[in-house]
file entry37.cif (mmCIF, C-alpha atoms and all ligand atoms)
data_my_file
#
loop_
_atom_site.label_atom_id
_atom_site.label_comp_id
_atom_site.auth_asym_id
_atom_site.auth_seq_id
_atom_site.Cartn_x
_atom_site.Cartn_y
_atom_site.Cartn_z
CA MET K 1 -4.73 36.02 25.45
CA ASN K 2 -5.90 34.79 22.06
CA ILE K 3 -5.36 31.10 21.28
CA ARG K 4 -4.84 30.85 17.52
CA LYS K 5 -2.61 27.78 17.13
CA VAL K 6 -2.83 24.17 18.18
CA VAL K 7 0.15 21.83 18.38
CA ILE K 8 -0.77 18.23 17.60
CA PRO K 9 2.09 15.78 18.28
CA VAL K 10 1.82 12.85 15.88
CA ALA K 11 5.35 11.44 15.81
CA GLY K 12 4.72 8.47 18.14
CA TRP K 13 5.21 4.91 16.94
CA GLY K 14 1.74 3.62 17.73
CA THR K 15 3.10 0.37 19.15
CA ARG K 16 -0.16 -0.28 21.04
CA SER K 17 -1.98 -0.57 17.72
CA LEU K 18 0.39 -2.93 15.87
CA PRO K 19 0.23 -4.58 13.41
CA ALA K 20 -2.40 -2.13 12.06
CA THR K 21 0.08 0.73 12.43
CA LYS K 22 3.09 -0.96 10.85
CA ASN K 23 2.86 1.33 7.80
CA ILE K 24 -0.12 3.55 8.63
CA PRO K 25 0.17 6.27 11.27
CA LYS K 26 -2.11 5.50 14.23
CA GLU K 27 -3.67 8.95 13.73
CA MET K 28 -4.86 7.83 10.27
CA LEU K 29 -6.79 4.78 11.48
CA PRO K 30 -10.44 5.38 10.62
CA VAL K 31 -13.16 5.88 13.17
CA TYR K 32 -16.25 5.19 11.06
CA ASN K 33 -15.54 7.25 7.91
CA LYS K 34 -12.82 9.67 9.02
CA PRO K 35 -9.27 9.24 10.30
CA VAL K 36 -8.82 9.78 14.03
CA VAL K 37 -6.77 12.96 13.51
CA GLN K 38 -9.60 14.61 11.54
CA TYR K 39 -11.85 14.46 14.61
CA VAL K 40 -9.09 16.14 16.63
CA VAL K 41 -8.64 18.92 14.04
CA GLU K 42 -12.42 19.39 13.82
CA GLU K 43 -12.59 19.83 17.61
CA ALA K 44 -9.94 22.59 17.34
CA ILE K 45 -11.84 24.30 14.53
CA ARG K 46 -15.13 24.14 16.47
CA SER K 47 -13.18 25.91 19.24
CA GLY K 48 -12.08 28.72 16.92
CA ILE K 49 -8.51 27.44 16.37
CA GLU K 50 -7.64 27.01 12.69
CA ASP K 51 -3.81 27.02 12.67
CA VAL K 52 -2.64 23.45 13.13
CA VAL K 53 1.00 22.60 13.84
CA PHE K 54 1.69 18.89 13.45
CA ILE K 55 4.82 17.58 15.17
CA THR K 56 5.62 14.80 12.82
CA ASN K 57 8.30 12.37 11.63
CA ARG K 58 9.56 11.00 8.31
CA ASP K 59 6.79 8.39 8.06
CA LYS K 60 3.81 10.65 8.73
CA ASN K 61 3.52 12.80 5.58
CA VAL K 62 0.18 11.20 4.85
CA ILE K 63 -1.31 13.20 7.75
CA GLU K 64 -0.39 16.52 6.12
CA ASP K 65 -1.58 15.18 2.76
CA HIS K 66 -4.99 14.40 4.25
CA PHE K 67 -5.50 18.13 4.93
CA ASP K 68 -4.33 19.16 1.45
CA TYR K 69 -6.04 19.03 -1.97
CA ASN K 70 -5.92 15.81 -3.95
CA LEU K 71 -6.43 17.27 -7.41
CA GLN K 72 -6.32 13.93 -9.22
CA LEU K 73 -9.09 12.50 -7.05
CA GLU K 74 -11.06 15.73 -7.37
CA ALA K 75 -10.88 15.49 -11.17
CA VAL K 76 -12.08 11.88 -11.09
CA LEU K 77 -15.02 12.75 -8.84
CA GLU K 78 -15.86 15.79 -10.94
CA ARG K 79 -15.92 13.76 -14.18
CA ALA K 80 -18.10 11.14 -12.50
CA GLY K 81 -20.53 13.81 -11.28
CA LYS K 82 -19.95 12.78 -7.64
CA THR K 83 -20.44 16.30 -6.36
CA GLU K 84 -21.27 15.36 -2.79
CA GLN K 85 -18.04 13.40 -2.27
CA LEU K 86 -16.10 16.12 -4.08
CA ALA K 87 -17.42 18.70 -1.63
CA VAL K 88 -16.50 16.46 1.32
CA ILE K 89 -12.86 15.98 0.31
CA ARG K 90 -12.42 19.66 -0.62
CA GLN K 91 -13.79 20.68 2.75
CA VAL K 92 -11.13 18.56 4.49
CA ALA K 93 -8.40 20.27 2.42
CA GLU K 94 -9.73 23.70 3.37
CA MET K 95 -10.58 23.20 7.04
CA ALA K 96 -7.22 24.17 8.56
CA LYS K 97 -3.97 25.97 7.89
CA VAL K 98 -1.32 23.31 8.37
CA THR K 99 2.32 23.57 9.40
CA ALA K 100 4.47 20.49 9.95
CA ILE K 101 7.58 20.32 12.10
CA ARG K 102 9.86 17.30 12.17
CA GLN K 103 10.58 15.76 15.54
CA LYS K 104 13.78 14.07 14.46
CA LYS K 105 14.12 12.01 17.64
CA GLN K 106 11.13 10.73 19.59
CA LEU K 107 12.16 11.94 23.04
CA GLY K 108 8.70 12.32 24.56
CA LEU K 109 5.62 14.57 24.60
CA GLY K 110 7.53 17.43 26.28
CA HIS K 111 10.20 17.26 23.58
CA ALA K 112 7.50 17.24 20.88
CA VAL K 113 5.97 20.43 22.29
CA LEU K 114 9.43 22.02 22.53
CA CYS K 115 9.86 21.43 18.78
CA ALA K 116 7.01 23.94 18.19
CA GLU K 117 8.66 26.79 20.10
CA ASP K 118 9.70 28.90 17.09
CA VAL K 119 6.23 28.66 15.55
CA VAL K 120 4.01 29.27 18.57
CA ALA K 121 5.97 31.10 21.32
CA ALA K 122 5.37 34.59 19.89
CA ASP K 123 1.60 34.10 20.35
CA GLY K 124 2.04 34.05 24.14
CA ALA K 125 -0.19 30.97 24.53
CA PHE K 126 -1.27 28.03 22.41
CA ALA K 127 -3.20 24.77 22.59
CA VAL K 128 -1.88 21.19 22.56
CA MET K 129 -4.06 18.26 21.58
CA VAL K 130 -2.84 14.67 21.68
CA GLY K 131 -3.47 13.15 18.26
CA ASP K 132 -5.15 9.93 19.44
CA ASP K 133 -7.39 11.23 22.24
CA LEU K 134 -10.94 11.65 20.94
CA LEU K 135 -13.41 13.84 22.82
CA PHE K 136 -17.05 14.41 21.96
CA GLY K 137 -19.69 16.61 23.46
CA MET K 138 -21.76 19.73 22.91
CA ASN K 139 -18.96 22.07 24.02
CA PRO K 140 -15.71 20.96 22.32
CA GLY K 141 -13.10 19.79 24.87
CA ILE K 142 -10.34 22.23 23.98
CA ARG K 143 -12.79 25.16 24.01
CA GLN K 144 -13.62 24.37 27.65
CA LEU K 145 -9.93 24.99 28.45
CA VAL K 146 -9.56 28.04 26.21
CA GLU K 147 -12.44 29.77 28.02
CA VAL K 148 -10.74 29.36 31.43
CA ALA K 149 -7.21 30.14 30.15
CA GLU K 150 -8.37 33.37 28.52
CA SER K 151 -10.13 34.59 31.64
CA GLU K 152 -7.44 33.49 34.16
CA ARG K 153 -4.39 34.08 31.91
CA LEU K 154 -2.77 30.83 33.08
CA SER K 155 -2.01 27.45 31.55
CA VAL K 156 -4.96 25.08 31.83
CA ILE K 157 -4.97 21.31 31.44
CA GLY K 158 -7.92 19.01 30.85
CA VAL K 159 -8.60 16.25 33.38
CA MET K 160 -11.14 13.49 33.84
CA GLU K 161 -11.71 11.09 36.70
CA VAL K 162 -10.52 7.57 35.87
CA GLU K 163 -10.86 4.25 37.68
CA GLN K 164 -8.18 3.64 40.31
CA GLU K 165 -6.69 0.69 38.40
CA ARG K 166 -6.13 2.92 35.34
CA VAL K 167 -4.20 5.76 37.01
CA SER K 168 -0.84 4.31 35.97
CA ARG K 169 -1.64 5.03 32.30
CA TYR K 170 -1.89 8.80 32.81
CA GLY K 171 -0.41 11.93 34.29
CA ILE K 172 -2.30 12.37 37.57
CA ILE K 173 -2.85 15.69 39.35
CA SER K 174 -3.89 16.88 42.76
CA GLY K 175 -5.03 20.35 43.68
CA GLU K 176 -7.54 22.58 45.36
CA GLU K 177 -11.00 22.95 43.76
CA ILE K 178 -11.38 26.73 43.48
CA PHE K 179 -14.65 26.66 41.46
CA PRO K 180 -16.77 23.60 40.74
CA GLY K 181 -14.71 21.53 38.29
CA ILE K 182 -11.72 23.94 38.27
CA PHE K 183 -8.59 23.13 40.28
CA ARG K 184 -5.46 25.03 41.20
CA VAL K 185 -2.88 22.30 40.60
CA ASN K 186 -0.28 21.53 43.30
CA ARG K 187 1.14 18.23 42.17
CA LEU K 188 1.48 16.25 38.96
CA VAL K 189 2.86 12.73 38.67
CA GLU K 190 3.43 11.05 35.32
CA LYS K 191 2.06 7.49 35.27
CA PRO K 192 2.18 6.80 39.04
CA LYS K 193 1.85 3.32 40.50
CA VAL K 194 -1.76 2.55 41.36
CA ASN K 195 -1.15 2.96 45.11
CA GLU K 196 0.97 6.11 44.75
CA ALA K 197 -1.38 8.32 42.72
CA PRO K 198 -2.28 11.60 44.43
CA SER K 199 -5.88 11.35 43.09
CA ARG K 200 -7.92 9.78 40.28
CA LEU K 201 -7.85 13.00 38.20
CA ALA K 202 -6.07 12.07 34.98
CA ILE K 203 -4.63 14.45 32.41
CA ILE K 204 -6.33 13.75 29.12
CA GLY K 205 -4.70 14.97 25.93
CA ARG K 206 -5.87 18.60 26.02
CA TYR K 207 -3.77 21.55 27.18
CA VAL K 208 -3.68 25.35 26.80
CA LEU K 209 -0.17 26.50 27.63
CA THR K 210 1.39 29.89 28.20
CA ALA K 211 4.74 30.34 26.44
CA ASP K 212 6.81 30.18 29.65
CA ILE K 213 6.30 26.40 29.39
CA PHE K 214 9.26 26.43 26.96
CA LEU K 215 11.54 27.75 29.69
CA HIS K 216 10.44 24.87 31.93
CA LEU K 217 10.70 22.28 29.17
CA LYS K 218 14.36 23.25 28.83
CA GLN K 219 14.86 22.85 32.59
CA VAL K 220 13.48 19.35 32.99
CA THR K 221 15.66 16.30 32.63
CA SER K 222 14.39 12.99 31.31
CA GLY K 223 11.60 11.65 33.49
CA HIS K 224 9.22 8.68 33.35
CA GLY K 225 10.35 6.19 30.67
CA GLY K 226 13.52 8.23 30.03
CA GLU K 227 11.46 10.83 28.11
CA ILE K 228 11.17 14.62 28.37
CA GLN K 229 7.77 14.77 30.03
CA LEU K 230 5.37 17.67 29.54
CA THR K 231 3.97 16.72 32.96
CA ASP K 232 7.32 17.53 34.65
CA ALA K 233 7.50 20.97 32.98
CA LEU K 234 3.90 21.60 34.09
CA GLN K 235 4.97 20.88 37.69
CA LEU K 236 7.52 23.71 37.39
CA GLN K 237 4.81 25.97 35.97
CA ALA K 238 2.48 25.05 38.86
CA ASP K 239 5.27 25.91 41.35
CA ASN K 240 5.99 29.28 39.72
CA LYS K 241 3.26 31.10 37.80
CA GLY K 242 0.45 28.70 38.69
CA LEU K 243 -1.50 26.08 36.75
CA LEU K 244 -5.20 25.26 36.51
CA ALA K 245 -6.98 22.04 35.63
CA VAL K 246 -10.53 21.81 34.28
CA LYS K 247 -12.70 18.72 34.49
CA ILE K 248 -13.68 18.24 30.88
CA HIS K 249 -17.29 17.35 30.06
CA GLY K 250 -17.82 14.97 27.21
CA MET K 251 -17.17 11.45 26.08
CA ARG K 252 -13.55 10.36 25.63
CA PHE K 253 -12.09 7.52 23.60
CA ASP K 254 -8.40 6.63 23.56
CA ALA K 255 -7.90 5.55 19.96
CA GLY K 256 -4.77 3.61 20.98
CA ASP K 257 -6.83 1.23 23.13
CA TRP K 258 -8.58 -1.37 21.00
CA SER K 259 -11.77 -1.62 23.03
CA GLU K 260 -12.17 2.18 23.15
CA TYR K 261 -11.28 2.50 19.47
CA LEU K 262 -13.85 -0.10 18.44
CA THR K 263 -16.49 1.46 20.70
CA ALA K 264 -15.81 4.84 19.08
CA ASN K 265 -16.38 3.28 15.65
CA ILE K 266 -19.74 1.88 16.70
CA TYR K 267 -20.70 5.10 18.49
CA PHE K 268 -20.09 7.15 15.33
CA ALA K 269 -21.75 4.76 12.98
CA MET K 270 -24.78 4.82 15.33
CA GLN K 271 -25.12 8.59 14.82
CA HIS K 272 -26.15 7.88 11.22
CA GLU K 273 -29.75 6.83 10.94
CA GLU K 274 -29.28 4.80 7.78
CA LEU K 275 -26.59 2.70 9.47
CA ARG K 276 -27.96 2.43 13.00
CA ASP K 277 -30.74 -0.11 12.44
CA ASP K 278 -28.62 -2.32 10.26
CA LEU K 279 -25.74 -2.21 12.73
CA VAL K 280 -27.94 -3.10 15.70
CA ARG K 281 -29.51 -5.94 13.74
CA ARG K 282 -26.09 -7.40 12.88
CA LEU K 283 -24.54 -6.86 16.33
CA LYS K 284 -27.36 -8.34 18.41
CA PRO K 285 -26.76 -11.98 17.47
CA LEU K 286 -23.03 -11.54 18.14
CA LEU K 287 -23.57 -10.55 21.78
CA PRO K 288 -22.92 -13.33 24.30
C1 LIG Z 1 0.53 11.62 27.63
C2 LIG Z 1 0.89 12.42 28.89
C3 LIG Z 1 0.04 11.94 30.06
C4 LIG Z 1 -1.44 12.05 29.70
C5 LIG Z 1 -1.72 11.27 28.40
C6 LIG Z 1 -3.15 11.49 27.93
O1 LIG Z 1 0.93 10.27 27.83
O2 LIG Z 1 2.27 12.28 29.16
O3 LIG Z 1 0.30 12.77 31.18
O4 LIG Z 1 -2.21 11.53 30.77
O5 LIG Z 1 -0.85 11.70 27.34
O6 LIG Z 1 -3.44 10.77 26.78
P1 LIG Z 1 1.06 9.21 26.62
O7 LIG Z 1 -0.33 8.65 26.42
O8 LIG Z 1 1.56 9.97 25.44
O9 LIG Z 1 2.01 8.18 27.11
#

call {"tool": "encode", "arguments": {"input": "entry37.cif", "output": "structure tokens"}}
result
Amino acid sequence: MNIRKVVIPVAGWGTRSLPATKNIPKEMLPVYNKPVVQYVVEEAIRSGIEDVVFITNRDKNVIEDHFDYNLQLEAVLERAGKTEQLAVIRQVAEMAKVTAIRQKKQLGLGHAVLCAEDVVAADGAFAVMVGDDLLFGMNPGIRQLVEVAESERLSVIGVMEVEQERVSRYGIISGEEIFPGIFRVNRLVEKPKVNEAPSRLAIIGRYVLTADIFLHLKQVTSGHGGEIQLTDALQLQADNKGLLAVKIHGMRFDAGDWSEYLTANIYFAMQHEELRDDLVRRLKPLLP
């Protein structure tokens, strides 16, 4: 099993982030000096995956453009002798091989993944990363899943423990812990009620999927919210071939949640020495 491609669904409306996302895709909102989606693509690249398949819609071309050359801007920077900035924007254009597939109707995450079938199925297995889930740590999140998927030859999903009152925002799993932090999944429930969740282990937006997921995606009917849920197809995979979950190590920010998004901005700015002191100085008097 060799994971070469990552599917990044980016066709969602971003209603949680309105009005900021009225005309800007939520994946293009900046976290410090880069759009959210660039962090996601960089995580894939750090995990050895350089073929990116965006599942997009008619209003999201700017995402593909971000990973392409902007020759006019390059010429301006070149003439101005701004070689450092020139190198930065060229590096973004060259970091990944990009394919874009239109999801003509937004019928859910499962439907978005199904749109990639013709491009990824022949590889036998592929990664999926949700375009607004940010993960940071020494070992990139998706690589932690790739390592287990390649050795066990099964689909692997990333999970993290969440507070009980937050379980209804996620797909929640239950299973048997077969190695520390690795679970054989028995049950998955998409966005359960707080008192009906089988555990506090939430699916975060990282998956490595074997291609039989497409068979299951075609079997499921609309689930939670009337959408084709990836979680429901994963239940069929768990019942048949088997499915693993890995507790991901690292820090996670949901860029669609304002407090997490703003924290991520401060966290990243803090990594830069020249900004840190100034930021702390300005923030301190604002604290209650
Ligand atoms: C999707 C999945 C859900 C998962 C979540 C992680 O939900 O359906 O199982 O927990 O991503 O971000 P969404 O946030 O797209 O509603």

call {"tool": "closest_atom_pairs", "arguments": {"input": "entry37.cif", "of": "chain K", "to": "ligand LIG 1 (chain Z)", "cutoff": "7 Å", "atoms": "all atoms listed in the file", "output": "CSV"}}
result
residue,atom,partner,partner_atom,distance
K:Leu109,CA,Z:LIG1,O2,6.1
K:Val130,CA,Z:LIG1,O6,6.4
K:Asp133,CA,Z:LIG1,O6,6.0
K:Arg169,CA,Z:LIG1,O4,6.7
K:Tyr170,CA,Z:LIG1,O4,3.4
K:Gly171,CA,Z:LIG1,O3,3.3
K:Ile172,CA,Z:LIG1,O4,6.9
K:Glu190,CA,Z:LIG1,O3,5.5
K:Lys191,CA,Z:LIG1,O3,6.9
K:Ala202,CA,Z:LIG1,O4,5.7
K:Ile203,CA,Z:LIG1,O4,4.1
K:Ile204,CA,Z:LIG1,C6,4.1
K:Gly205,CA,Z:LIG1,C6,4.3
K:Gln229,CA,Z:LIG1,O2,6.1
K:Leu230,CA,Z:LIG1,O2,6.2
K:Thr231,CA,Z:LIG1,O3,5.7

call {"tool": "closest_residue", "arguments": {"input": "entry37.cif", "among": "K:Asp132, K:Glu78, K:Asp212, K:Glu50", "to": "K:Val36", "atoms": "all atoms listed in the file"}}
result
K:Asp132

call {"tool": "atom_distance", "arguments": {"input": "entry37.cif", "atom1": "atom CA of K:Thr99", "atom2": "atom CA of K:Leu29"}}
result
21.0 Å

call {"tool": "residues_around", "arguments": {"input": "entry37.cif", "residues": "stretch 235-252 of chain K", "least_positions_apart": "5", "cutoff": "6 Å", "atoms": "all atoms listed in the file", "output": "MDAnalysis selection string"}}
result
chainID K and resid 134:137 155:160 181:185 188

call {"tool": "residues_around", "arguments": {"input": "entry37.cif", "residues": "stretch 257-262 of chain K", "least_positions_apart": "4", "cutoff": "9 Å", "atoms": "only C-alpha atoms", "output": "mmCIF file with C-alpha atoms, in the frame of the given file"}}
result
data_model
loop_
_atom_site.group_PDB
_atom_site.id
_atom_site.type_symbol
_atom_site.label_atom_id
_atom_site.label_comp_id
_atom_site.auth_asym_id
_atom_site.auth_seq_id
_atom_site.Cartn_x
_atom_site.Cartn_y
_atom_site.Cartn_z
ATOM 1 C CA ARG K 16 -0.160 -0.280 21.040
ATOM 2 C CA SER K 17 -1.980 -0.570 17.720
ATOM 3 C CA VAL K 31 -13.160 5.880 13.170
ATOM 4 C CA ARG K 252 -13.550 10.360 25.630
ATOM 5 C CA PHE K 253 -12.090 7.520 23.600
ATOM 6 C CA ILE K 266 -19.740 1.880 16.700
ATOM 7 C CA TYR K 267 -20.700 5.100 18.490
#

call {"tool": "residues_around", "arguments": {"input": "entry37.cif", "residues": "K:Val92", "least_positions_apart": "6", "cutoff": "9 Å", "atoms": "all atoms listed in the file", "output": "number ranges by chain"}}
result
K: 38, 66-69

call {"tool": "residues_around", "arguments": {"input": "entry37.cif", "residues": "K:Ile142", "least_positions_apart": "5", "cutoff": "8 Å", "atoms": "all atoms listed in the file", "output": "PDB file with C-alpha atoms, keeping the file's coordinate frame"}}
result
ATOM      1  CA  GLU K  43     -12.590  19.830  17.610  1.00  0.00           C
ATOM      2  CA  ALA K  44      -9.940  22.590  17.340  1.00  0.00           C
ATOM      3  CA  SER K  47     -13.180  25.910  19.240  1.00  0.00           C
ATOM      4  CA  ALA K 127      -3.200  24.770  22.590  1.00  0.00           C
ATOM      5  CA  MET K 129      -4.060  18.260  21.580  1.00  0.00           C
ATOM      6  CA  GLY K 158      -7.920  19.010  30.850  1.00  0.00           C
ATOM      7  CA  ARG K 206      -5.870  18.600  26.020  1.00  0.00           C
ATOM      8  CA  TYR K 207      -3.770  21.550  27.180  1.00  0.00           C
ATOM      9  CA  VAL K 208      -3.680  25.350  26.800  1.00  0.00           C
TER      10      VAL K 208
END

call {"tool": "residues_around", "arguments": {"input": "entry37.cif", "residues": "K:Asp232", "least_positions_apart": "5", "cutoff": "9 Å", "atoms": "all atoms listed in the file", "output": "MDAnalysis selection string"}}
result
chainID K and resid 110 188:190 216:217 220:221 223 237

call {"tool": "closest_residue", "arguments": {"input": "entry37.cif", "among": "K:Val53, K:Asp254, K:Gly48, K:Met28", "to": "K:Val120", "atoms": "all atoms listed in the file"}}
result
K:Val53

call {"tool": "axis_aligned_box", "arguments": {"input": "entry37.cif", "around": "stretch 111-114 of chain K", "padding_each_side": "3 Å", "output": "JSON"}}
result
{"center_x": 8.1, "center_y": 19.6, "center_z": 22.2, "size_x": 10.2, "size_y": 10.8, "size_z": 8.7}

call {"tool": "atom_distance", "arguments": {"input": "entry37.cif", "atom1": "atom CA of K:Lys284", "atom2": "atom CA of K:Met138"}}
result
29.0 Å

call {"tool": "residues_near_point", "arguments": {"input": "entry37.cif", "point": "(0.8, 6.3, 10.0)", "cutoff": "12 Å", "atoms": "only C-alpha atoms", "output": "ChimeraX atom specification"}}
result
/K:10-15,17-30,35-37,56-66,131-132

call {"tool": "write_last_selection", "arguments": {"input": "entry37.cif", "atoms": "C-alpha atoms", "output": "PDB file, in the frame of the given file"}}
result
ATOM      1  CA  VAL K  10       1.820  12.850  15.880  1.00  0.00           C
ATOM      2  CA  ALA K  11       5.350  11.440  15.810  1.00  0.00           C
ATOM      3  CA  GLY K  12       4.720   8.470  18.140  1.00  0.00           C
ATOM      4  CA  TRP K  13       5.210   4.910  16.940  1.00  0.00           C
ATOM      5  CA  GLY K  14       1.740   3.620  17.730  1.00  0.00           C
ATOM      6  CA  THR K  15       3.100   0.370  19.150  1.00  0.00           C
ATOM      7  CA  SER K  17      -1.980  -0.570  17.720  1.00  0.00           C
ATOM      8  CA  LEU K  18       0.390  -2.930  15.870  1.00  0.00           C
ATOM      9  CA  PRO K  19       0.230  -4.580  13.410  1.00  0.00           C
ATOM     10  CA  ALA K  20      -2.400  -2.130  12.060  1.00  0.00           C
ATOM     11  CA  THR K  21       0.080   0.730  12.430  1.00  0.00           C
ATOM     12  CA  LYS K  22       3.090  -0.960  10.850  1.00  0.00           C
ATOM     13  CA  ASN K  23       2.860   1.330   7.800  1.00  0.00           C
ATOM     14  CA  ILE K  24      -0.120   3.550   8.630  1.00  0.00           C
ATOM     15  CA  PRO K  25       0.170   6.270  11.270  1.00  0.00           C
ATOM     16  CA  LYS K  26      -2.110   5.500  14.230  1.00  0.00           C
ATOM     17  CA  GLU K  27      -3.670   8.950  13.730  1.00  0.00           C
ATOM     18  CA  MET K  28      -4.860   7.830  10.270  1.00  0.00           C
ATOM     19  CA  LEU K  29      -6.790   4.780  11.480  1.00  0.00           C
ATOM     20  CA  PRO K  30     -10.440   5.380  10.620  1.00  0.00           C
ATOM     21  CA  PRO K  35      -9.270   9.240  10.300  1.00  0.00           C
ATOM     22  CA  VAL K  36      -8.820   9.780  14.030  1.00  0.00           C
ATOM     23  CA  VAL K  37      -6.770  12.960  13.510  1.00  0.00           C
ATOM     24  CA  THR K  56       5.620  14.800  12.820  1.00  0.00           C
ATOM     25  CA  ASN K  57       8.300  12.370  11.630  1.00  0.00           C
ATOM     26  CA  ARG K  58       9.560  11.000   8.310  1.00  0.00           C
ATOM     27  CA  ASP K  59       6.790   8.390   8.060  1.00  0.00           C
ATOM     28  CA  LYS K  60       3.810  10.650   8.730  1.00  0.00           C
ATOM     29  CA  ASN K  61       3.520  12.800   5.580  1.00  0.00           C
ATOM     30  CA  VAL K  62       0.180  11.200   4.850  1.00  0.00           C
ATOM     31  CA  ILE K  63      -1.310  13.200   7.750  1.00  0.00           C
ATOM     32  CA  GLU K  64      -0.390  16.520   6.120  1.00  0.00           C
ATOM     33  CA  ASP K  65      -1.580  15.180   2.760  1.00  0.00           C
ATOM     34  CA  HIS K  66      -4.990  14.400   4.250  1.00  0.00           C
ATOM     35  CA  GLY K 131      -3.470  13.150  18.260  1.00  0.00           C
ATOM     36  CA  ASP K 132      -5.150   9.930  19.440  1.00  0.00           C
TER      37      ASP K 132
END

call {"tool": "closest_residue", "arguments": {"input": "entry37.cif", "among": "K:Ile55, K:Val41, K:Ala80, K:Ala233", "to": "K:Gln103", "atoms": "only C-alpha atoms"}}
result
K:Ile55
